[in-house]
file query.pdb (PDB, C-alpha atoms)
ATOM      1  CA  PRO V   1       0.000   0.000   0.000  1.00  0.00           C
ATOM      2  CA  LEU V   2       1.127   3.545  -0.743  1.00  0.00           C
ATOM      3  CA  GLY V   3       0.477   5.046   2.676  1.00  0.00           C
ATOM      4  CA  ARG V   4      -3.209   5.841   3.171  1.00  0.00           C
ATOM      5  CA  THR V   5      -3.821   6.780  -0.474  1.00  0.00           C
ATOM      6  CA  GLY V   6      -5.719   3.626  -1.343  1.00  0.00           C
ATOM      7  CA  ARG V   7      -3.219   2.906  -4.095  1.00  0.00           C
ATOM      8  CA  THR V   8      -1.120  -0.234  -4.123  1.00  0.00           C
ATOM      9  CA  LEU V   9       2.300  -0.367  -5.753  1.00  0.00           C
ATOM     10  CA  PRO V  10       3.939  -3.521  -7.090  1.00  0.00           C
ATOM     11  CA  VAL V  11       6.632  -5.078  -4.936  1.00  0.00           C
ATOM     12  CA  ILE V  12       9.239  -5.271  -7.730  1.00  0.00           C
ATOM     13  CA  TRP V  13      10.533  -2.074  -9.329  1.00  0.00           C
ATOM     14  CA  MET V  14      13.085  -1.444 -12.071  1.00  0.00           C
ATOM     15  CA  GLY V  15      15.892   0.728 -10.743  1.00  0.00           C
ATOM     16  CA  THR V  16      17.646   2.938 -13.290  1.00  0.00           C
ATOM     17  CA  ALA V  17      20.547   4.302 -11.243  1.00  0.00           C
ATOM     18  CA  THR V  18      23.032   2.624 -13.576  1.00  0.00           C
ATOM     19  CA  ILE V  19      21.888   4.267 -16.828  1.00  0.00           C
ATOM     20  CA  GLY V  20      24.805   6.397 -17.976  1.00  0.00           C
ATOM     21  CA  GLY V  21      26.733   5.943 -14.757  1.00  0.00           C
ATOM     22  CA  ILE V  22      26.351   4.506 -11.323  1.00  0.00           C
ATOM     23  CA  GLY V  23      24.070   6.521  -9.076  1.00  0.00           C
ATOM     24  CA  SER V  24      24.540  10.186  -8.315  1.00  0.00           C
ATOM     25  CA  ASP V  25      28.314  10.395  -7.945  1.00  0.00           C
ATOM     26  CA  PRO V  26      29.775  12.241 -10.979  1.00  0.00           C
ATOM     27  CA  ALA V  27      33.010  10.282 -10.505  1.00  0.00           C
ATOM     28  CA  LEU V  28      31.094   7.182 -11.647  1.00  0.00           C
ATOM     29  CA  ALA V  29      29.664   8.723 -14.840  1.00  0.00           C
ATOM     30  CA  GLY V  30      30.284   6.574 -17.887  1.00  0.00           C
ATOM     31  CA  LEU V  31      30.220   3.371 -15.871  1.00  0.00           C
ATOM     32  CA  GLY V  32      27.151   1.188 -15.770  1.00  0.00           C
ATOM     33  CA  LEU V  33      24.631   0.785 -18.592  1.00  0.00           C
ATOM     34  CA  GLU V  34      25.066   2.772 -21.789  1.00  0.00           C
ATOM     35  CA  PRO V  35      21.926   4.883 -22.401  1.00  0.00           C
ATOM     36  CA  THR V  36      21.577   3.292 -25.859  1.00  0.00           C
ATOM     37  CA  ALA V  37      21.327  -0.161 -24.236  1.00  0.00           C
ATOM     38  CA  ALA V  38      18.719   0.912 -21.689  1.00  0.00           C
ATOM     39  CA  PRO V  39      15.591   0.561 -23.888  1.00  0.00           C
ATOM     40  CA  ALA V  40      16.207  -3.179 -24.319  1.00  0.00           C
ATOM     41  CA  VAL V  41      16.626  -3.603 -20.558  1.00  0.00           C
ATOM     42  CA  LEU V  42      13.479  -1.555 -19.877  1.00  0.00           C
ATOM     43  CA  ASP V  43      11.570  -3.611 -22.478  1.00  0.00           C
ATOM     44  CA  ALA V  44      12.717  -6.842 -20.815  1.00  0.00           C
ATOM     45  CA  ALA V  45      11.617  -5.589 -17.402  1.00  0.00           C
ATOM     46  CA  ARG V  46       8.218  -4.589 -18.794  1.00  0.00           C
ATOM     47  CA  ALA V  47       7.841  -7.975 -20.510  1.00  0.00           C
ATOM     48  CA  ALA V  48       8.618  -9.656 -17.168  1.00  0.00           C
ATOM     49  CA  GLY V  49       5.766  -7.730 -15.547  1.00  0.00           C
ATOM     50  CA  VAL V  50       7.612  -4.833 -13.920  1.00  0.00           C
ATOM     51  CA  ARG V  51       5.312  -1.778 -13.789  1.00  0.00           C
ATOM     52  CA  VAL V  52       7.314   0.717 -11.700  1.00  0.00           C
ATOM     53  CA  ILE V  53      10.473   2.473 -12.867  1.00  0.00           C
ATOM     54  CA  ASP V  54      12.599   4.154 -10.207  1.00  0.00           C
ATOM     55  CA  THR V  55      14.889   7.004 -11.224  1.00  0.00           C
ATOM     56  CA  ALA V  56      16.260  10.291  -9.847  1.00  0.00           C
ATOM     57  CA  ASP V  57      17.223  13.718 -11.099  1.00  0.00           C
ATOM     58  CA  SER V  58      20.764  13.191  -9.828  1.00  0.00           C
ATOM     59  CA  TYR V  59      21.479   9.922 -11.638  1.00  0.00           C
ATOM     60  CA  THR V  60      24.260  10.963 -14.007  1.00  0.00           C
ATOM     61  CA  GLY V  61      23.012  14.534 -14.154  1.00  0.00           C
ATOM     62  CA  GLY V  62      19.556  13.607 -15.433  1.00  0.00           C
ATOM     63  CA  THR V  63      20.671  10.996 -17.986  1.00  0.00           C
ATOM     64  CA  SER V  64      18.536   8.304 -16.352  1.00  0.00           C
ATOM     65  CA  GLU V  65      15.387  10.463 -16.434  1.00  0.00           C
ATOM     66  CA  ARG V  66      16.016  11.555 -20.047  1.00  0.00           C
ATOM     67  CA  THR V  67      16.542   7.950 -21.154  1.00  0.00           C
ATOM     68  CA  VAL V  68      13.433   6.704 -19.341  1.00  0.00           C
ATOM     69  CA  GLY V  69      11.445   9.610 -20.805  1.00  0.00           C
ATOM     70  CA  GLU V  70      12.575   8.811 -24.346  1.00  0.00           C
ATOM     71  CA  TRP V  71      11.635   5.166 -23.810  1.00  0.00           C
ATOM     72  CA  LEU V  72       8.174   6.094 -22.511  1.00  0.00           C
ATOM     73  CA  ARG V  73       7.518   8.509 -25.397  1.00  0.00           C
ATOM     74  CA  ALA V  74       8.571   5.943 -28.009  1.00  0.00           C
ATOM     75  CA  ASP V  75       5.480   3.840 -27.211  1.00  0.00           C
ATOM     76  CA  PRO V  76       2.424   5.537 -25.653  1.00  0.00           C
ATOM     77  CA  ALA V  77       1.268   2.185 -24.203  1.00  0.00           C
ATOM     78  CA  ARG V  78       4.333   2.195 -21.961  1.00  0.00           C
ATOM     79  CA  GLY V  79       3.390   5.530 -20.433  1.00  0.00           C
ATOM     80  CA  ALA V  80      -0.143   4.295 -19.817  1.00  0.00           C
ATOM     81  CA  GLU V  81       0.901   1.206 -17.878  1.00  0.00           C
ATOM     82  CA  MET V  82       4.147   2.216 -16.181  1.00  0.00           C
ATOM     83  CA  ILE V  83       4.427   4.137 -12.922  1.00  0.00           C
ATOM     84  CA  VAL V  84       7.481   6.367 -12.766  1.00  0.00           C
ATOM     85  CA  ALA V  85       8.973   7.182  -9.385  1.00  0.00           C
ATOM     86  CA  THR V  86      11.668   9.839  -9.281  1.00  0.00           C
ATOM     87  CA  LYS V  87      13.626  11.549  -6.546  1.00  0.00           C
ATOM     88  CA  THR V  88      15.295  14.853  -5.742  1.00  0.00           C
ATOM     89  CA  GLY V  89      17.464  16.286  -3.010  1.00  0.00           C
ATOM     90  CA  VAL V  90      20.977  15.141  -3.988  1.00  0.00           C
ATOM     91  CA  ARG V  91      23.026  17.750  -5.843  1.00  0.00           C
ATOM     92  CA  THR V  92      26.500  18.467  -7.007  1.00  0.00           C
ATOM     93  CA  PRO V  93      28.963  18.820  -5.601  1.00  0.00           C
ATOM     94  CA  TYR V  94      28.027  15.283  -4.625  1.00  0.00           C
ATOM     95  CA  PRO V  95      26.791  14.411  -2.013  1.00  0.00           C
ATOM     96  CA  THR V  96      25.263  17.833  -1.224  1.00  0.00           C
ATOM     97  CA  ARG V  97      21.694  17.556   0.037  1.00  0.00           C
ATOM     98  CA  ASP V  98      19.080  20.148  -0.856  1.00  0.00           C
ATOM     99  CA  LEU V  99      15.392  19.910  -0.041  1.00  0.00           C
ATOM    100  CA  SER V 100      14.893  23.670   0.018  1.00  0.00           C
ATOM    101  CA  PRO V 101      11.549  24.721  -1.483  1.00  0.00           C
ATOM    102  CA  GLU V 102      13.327  26.432  -4.372  1.00  0.00           C
ATOM    103  CA  HIS V 103      15.349  23.353  -5.258  1.00  0.00           C
ATOM    104  CA  VAL V 104      12.414  20.925  -4.940  1.00  0.00           C
ATOM    105  CA  GLU V 105      10.155  23.123  -7.105  1.00  0.00           C
ATOM    106  CA  ARG V 106      12.837  23.513  -9.786  1.00  0.00           C
ATOM    107  CA  ALA V 107      13.698  19.813  -9.655  1.00  0.00           C
ATOM    108  CA  ALA V 108      10.056  18.773 -10.139  1.00  0.00           C
ATOM    109  CA  GLU V 109       9.790  20.911 -13.266  1.00  0.00           C
ATOM    110  CA  GLN V 110      13.085  19.640 -14.653  1.00  0.00           C
ATOM    111  CA  SER V 111      12.129  16.018 -13.944  1.00  0.00           C
ATOM    112  CA  ARG V 112       8.783  16.487 -15.691  1.00  0.00           C
ATOM    113  CA  ARG V 113      10.567  17.933 -18.711  1.00  0.00           C
ATOM    114  CA  ARG V 114      13.191  15.162 -18.879  1.00  0.00           C
ATOM    115  CA  LEU V 115      10.567  12.436 -18.418  1.00  0.00           C
ATOM    116  CA  GLY V 116       8.155  14.129 -20.824  1.00  0.00           C
ATOM    117  CA  VAL V 117       5.194  13.896 -18.459  1.00  0.00           C
ATOM    118  CA  GLU V 118       2.577  16.342 -17.251  1.00  0.00           C
ATOM    119  CA  ARG V 119       2.548  14.875 -13.747  1.00  0.00           C
ATOM    120  CA  LEU V 120       5.110  12.918 -11.766  1.00  0.00           C
ATOM    121  CA  ASP V 121       3.470   9.713 -10.497  1.00  0.00           C
ATOM    122  CA  LEU V 122       5.610   9.456  -7.361  1.00  0.00           C
ATOM    123  CA  PHE V 123       8.064  12.181  -6.334  1.00  0.00           C
ATOM    124  CA  MET V 124      10.355  11.455  -3.407  1.00  0.00           C
ATOM    125  CA  SER V 125      13.058  13.072  -1.359  1.00  0.00           C
ATOM    126  CA  HIS V 126      16.236  11.148  -2.126  1.00  0.00           C
ATOM    127  CA  ARG V 127      17.870  11.761   1.248  1.00  0.00           C
ATOM    128  CA  PRO V 128      16.969  13.841   4.297  1.00  0.00           C
ATOM    129  CA  ASP V 129      18.314  17.388   4.392  1.00  0.00           C
ATOM    130  CA  PRO V 130      19.082  18.349   7.999  1.00  0.00           C
ATOM    131  CA  ALA V 131      19.175  22.040   6.995  1.00  0.00           C
ATOM    132  CA  VAL V 132      15.481  22.046   5.999  1.00  0.00           C
ATOM    133  CA  PRO V 133      12.793  21.598   8.679  1.00  0.00           C
ATOM    134  CA  PRO V 134      10.345  18.725   8.110  1.00  0.00           C
ATOM    135  CA  GLU V 135       7.462  21.239   7.998  1.00  0.00           C
ATOM    136  CA  SER V 136       9.072  23.009   5.047  1.00  0.00           C
ATOM    137  CA  VAL V 137       9.633  19.733   3.204  1.00  0.00           C
ATOM    138  CA  MET V 138       6.031  18.637   3.727  1.00  0.00           C
ATOM    139  CA  VAL V 139       4.530  22.003   2.708  1.00  0.00           C
ATOM    140  CA  THR V 140       6.615  22.072  -0.468  1.00  0.00           C
ATOM    141  CA  PHE V 141       5.671  18.529  -1.468  1.00  0.00           C
ATOM    142  CA  ALA V 142       2.003  19.184  -0.569  1.00  0.00           C
ATOM    143  CA  SER V 143       1.991  22.220  -2.845  1.00  0.00           C
ATOM    144  CA  LEU V 144       3.182  20.059  -5.733  1.00  0.00           C
ATOM    145  CA  ILE V 145       0.311  17.625  -5.116  1.00  0.00           C
ATOM    146  CA  GLU V 146      -2.267  20.413  -4.827  1.00  0.00           C
ATOM    147  CA  ARG V 147      -1.153  21.940  -8.135  1.00  0.00           C
ATOM    148  CA  GLY V 148      -1.258  18.561  -9.920  1.00  0.00           C
ATOM    149  CA  VAL V 149       2.499  18.515 -10.571  1.00  0.00           C
ATOM    150  CA  VAL V 150       2.853  15.333  -8.503  1.00  0.00           C
ATOM    151  CA  GLY V 151       0.471  12.456  -7.815  1.00  0.00           C
ATOM    152  CA  HIS V 152       2.055  11.079  -4.652  1.00  0.00           C
ATOM    153  CA  VAL V 153       5.102  11.845  -2.497  1.00  0.00           C
ATOM    154  CA  GLY V 154       7.536   9.753  -0.542  1.00  0.00           C
ATOM    155  CA  ALA V 155      10.940   9.640   1.119  1.00  0.00           C
ATOM    156  CA  CYS V 156      13.993   7.457   0.565  1.00  0.00           C
ATOM    157  CA  ASN V 157      16.980   6.661   2.723  1.00  0.00           C
ATOM    158  CA  VAL V 158      15.286   7.750   5.935  1.00  0.00           C
ATOM    159  CA  THR V 159      15.353   6.255   9.401  1.00  0.00           C
ATOM    160  CA  ALA V 160      12.166   5.311  11.220  1.00  0.00           C
ATOM    161  CA  ALA V 161      12.613   8.405  13.408  1.00  0.00           C
ATOM    162  CA  GLU V 162      12.991  10.670  10.351  1.00  0.00           C
ATOM    163  CA  ILE V 163       9.871   9.306   8.671  1.00  0.00           C
ATOM    164  CA  ALA V 164       7.932   9.653  11.934  1.00  0.00           C
ATOM    165  CA  GLU V 165       9.049  13.281  12.121  1.00  0.00           C
ATOM    166  CA  LEU V 166       7.885  13.947   8.542  1.00  0.00           C
ATOM    167  CA  LEU V 167       4.529  12.262   9.152  1.00  0.00           C
ATOM    168  CA  ALA V 168       4.001  14.195  12.388  1.00  0.00           C
ATOM    169  CA  ALA V 169       4.778  17.453  10.561  1.00  0.00           C
ATOM    170  CA  ALA V 170       2.256  16.573   7.840  1.00  0.00           C
ATOM    171  CA  ASP V 171      -0.393  15.805  10.456  1.00  0.00           C
ATOM    172  CA  ARG V 172       0.264  19.083  12.332  1.00  0.00           C
ATOM    173  CA  LEU V 173      -0.006  21.042   9.093  1.00  0.00           C
ATOM    174  CA  GLY V 174      -2.941  19.109   7.642  1.00  0.00           C
ATOM    175  CA  VAL V 175      -1.069  18.298   4.419  1.00  0.00           C
ATOM    176  CA  PRO V 176      -0.722  14.979   2.576  1.00  0.00           C
ATOM    177  CA  ARG V 177       1.498  12.417   4.243  1.00  0.00           C
TER
END
call {"tool": "encode", "arguments": {"input": "query.pdb", "output": "structure tokens"}}
result
Amino acid sequence: PLGRTGRTLPVIWMGTATIGGIGSDPALAGLGLEPTAAPAVLDAARAAGVRVIDTADSYTGGTSERTVGEWLRADPARGAEMIVATKTGVRTPYPTRDLSPEHVERAAEQSRRRLGVERLDLFMSHRPDPAVPPESVMVTFASLIERGVVGHVGACNVTAAEIAELLAAADRLGVPR
């Protein structure tokens, strides 16, 4: 289950951190899966029943999102059946963290453009940013939902205490969890 949204996500996702590099570290760019080879891998995952693709704005400077977006646009049926989850909050110089409202807003727009979608299915914080209060994070993500930029929000690489803090902030503010 995706929180209390009533939506259920598949258990198996296709991670795309290796398209064009390995993860978010610029030192690892050029390693991993060549972007030209990615469509065949994505097709194989889809054929095997995978329906969620996980990417991030920081994976090789947006290469992963651009490649996934090109793959989705090449066949409209893919876009109709695939859920795309993307993340923000990791910046260069790596591993800088930034969940400031300005960065999150800009990142959502850039991710939408690279993926070629009107709305991000699932938009997540990639890592906590200790410099940004949980209330600010939750208000920013809630605004994206309210404006239809994002369908659902989430958080990655968080401890149980950090997620509890985010959920408590959302409850205090009356915004989506």
call {"tool": "resolve_selection", "arguments": {"input": "query.pdb", "expression": "the PyMOL selection byres ((chain V and resi 141-150) around 7)", "output": "short mmCIF file (atom, residue, chain, number, x, y, z; two decimals) with C-alpha atoms, in the frame of the given file"}}
result
data_model
loop_
_atom_site.label_atom_id
_atom_site.label_comp_id
_atom_site.auth_asym_id
_atom_site.auth_seq_id
_atom_site.Cartn_x
_atom_site.Cartn_y
_atom_site.Cartn_z
CA ARG V 119 2.55 14.88 -13.75
CA LEU V 120 5.11 12.92 -11.77
CA ASP V 121 3.47 9.71 -10.50
CA LEU V 122 5.61 9.46 -7.36
CA PHE V 123 8.06 12.18 -6.33
CA VAL V 137 9.63 19.73 3.20
CA MET V 138 6.03 18.64 3.73
CA VAL V 139 4.53 22.00 2.71
CA THR V 140 6.62 22.07 -0.47
CA GLY V 151 0.47 12.46 -7.82
CA HIS V 152 2.06 11.08 -4.65
CA VAL V 153 5.10 11.84 -2.50
CA VAL V 175 -1.07 18.30 4.42
CA PRO V 176 -0.72 14.98 2.58
#
call {"tool": "closest_residue", "arguments": {"input": "query.pdb", "among": "V:Ala170, V:Met124, V:Thr96, V:Gly154", "to": "Gly3 of chain V", "atoms": "all atoms listed in the file"}}
result
V:Gly154
call {"tool": "resolve_selection", "arguments": {"input": "query.pdb", "expression": "the PyMOL selection byres ((chain V and resi 26) around 10)", "output": "number ranges by chain"}}
result
V: 21-25, 27-30, 58-61, 92-95
call {"tool": "residues_around", "arguments": {"input": "query.pdb", "residues": "Leu99 of chain V", "least_positions_apart": "4", "cutoff": "7 Å", "atoms": "all atoms listed in the file", "output": "PyMOL selection string"}}
result
chain V and resi 89+103-104+129+132+137
call {"tool": "resolve_selection", "arguments": {"input": "query.pdb", "expression": "the PyMOL selection byres ((chain V and resi 113) around 12)", "output": "list in words"}}
result
Asp57, Gly62, Glu65, Arg66, Thr67, Val68, Gly69, Glu70, Arg73, Arg106, Ala107, Ala108, Glu109, Gln110, Ser111, Arg112, Arg114, Leu115, Gly116, Val117, Glu118, Arg119, Leu120 and Val149 of chain V
call {"tool": "closest_residue", "arguments": {"input": "query.pdb", "among": "V:Leu31, V:Val11, V:Val84, V:Ala155", "to": "Gly49 of chain V", "atoms": "all atoms listed in the file"}}
result
V:Val11
call {"tool": "atom_distance", "arguments": {"input": "query.pdb", "atom1": "atom CA of Asp75 of chain V", "atom2": "atom CA of Thr16 of chain V"}}
result
18.5 Å
call {"tool": "atom_distance", "arguments": {"input": "query.pdb", "atom1": "atom CA of Ser125 of chain V", "atom2": "atom CA of Arg177 of chain V"}}
result
12.9 Å
call {"tool": "atom_distance", "arguments": {"input": "query.pdb", "atom1": "atom CA of Leu166 of chain V", "atom2": "atom CA of Pro134 of chain V"}}
result
5.4 Å
call {"tool": "closest_residue", "arguments": {"input": "query.pdb", "among": "V:Gly174, V:Pro128, V:Pro10, V:Gly15", "to": "Ile53 of chain V", "atoms": "only C-alpha atoms"}}
result
V:Gly15
call {"tool": "closest_residue", "arguments": {"input": "query.pdb", "among": "V:Ser100, V:Ser64, V:Arg127, V:Arg51", "to": "Ile163 of chain V", "atoms": "all atoms listed in the file"}}
result
V:Arg127
call {"tool": "closest_residue", "arguments": {"input": "query.pdb", "among": "V:Ala56, V:Ala80, V:Val158, V:Met14", "to": "Ala38 of chain V", "atoms": "all atoms listed in the file"}}
result
V:Met14
call {"tool": "residues_around", "arguments": {"input": "query.pdb", "residues": "Val50 of chain V", "least_positions_apart": "6", "cutoff": "10 Å", "atoms": "all atoms listed in the file", "output": "number ranges by chain"}}
result
V: 10-14, 42-44, 81-83
call {"tool": "closest_residue", "arguments": {"input": "query.pdb", "among": "V:Ala74, V:Ala17, V:Cys156, V:Val90", "to": "Asp54 of chain V", "atoms": "all atoms listed in the file"}}
result
V:Ala17
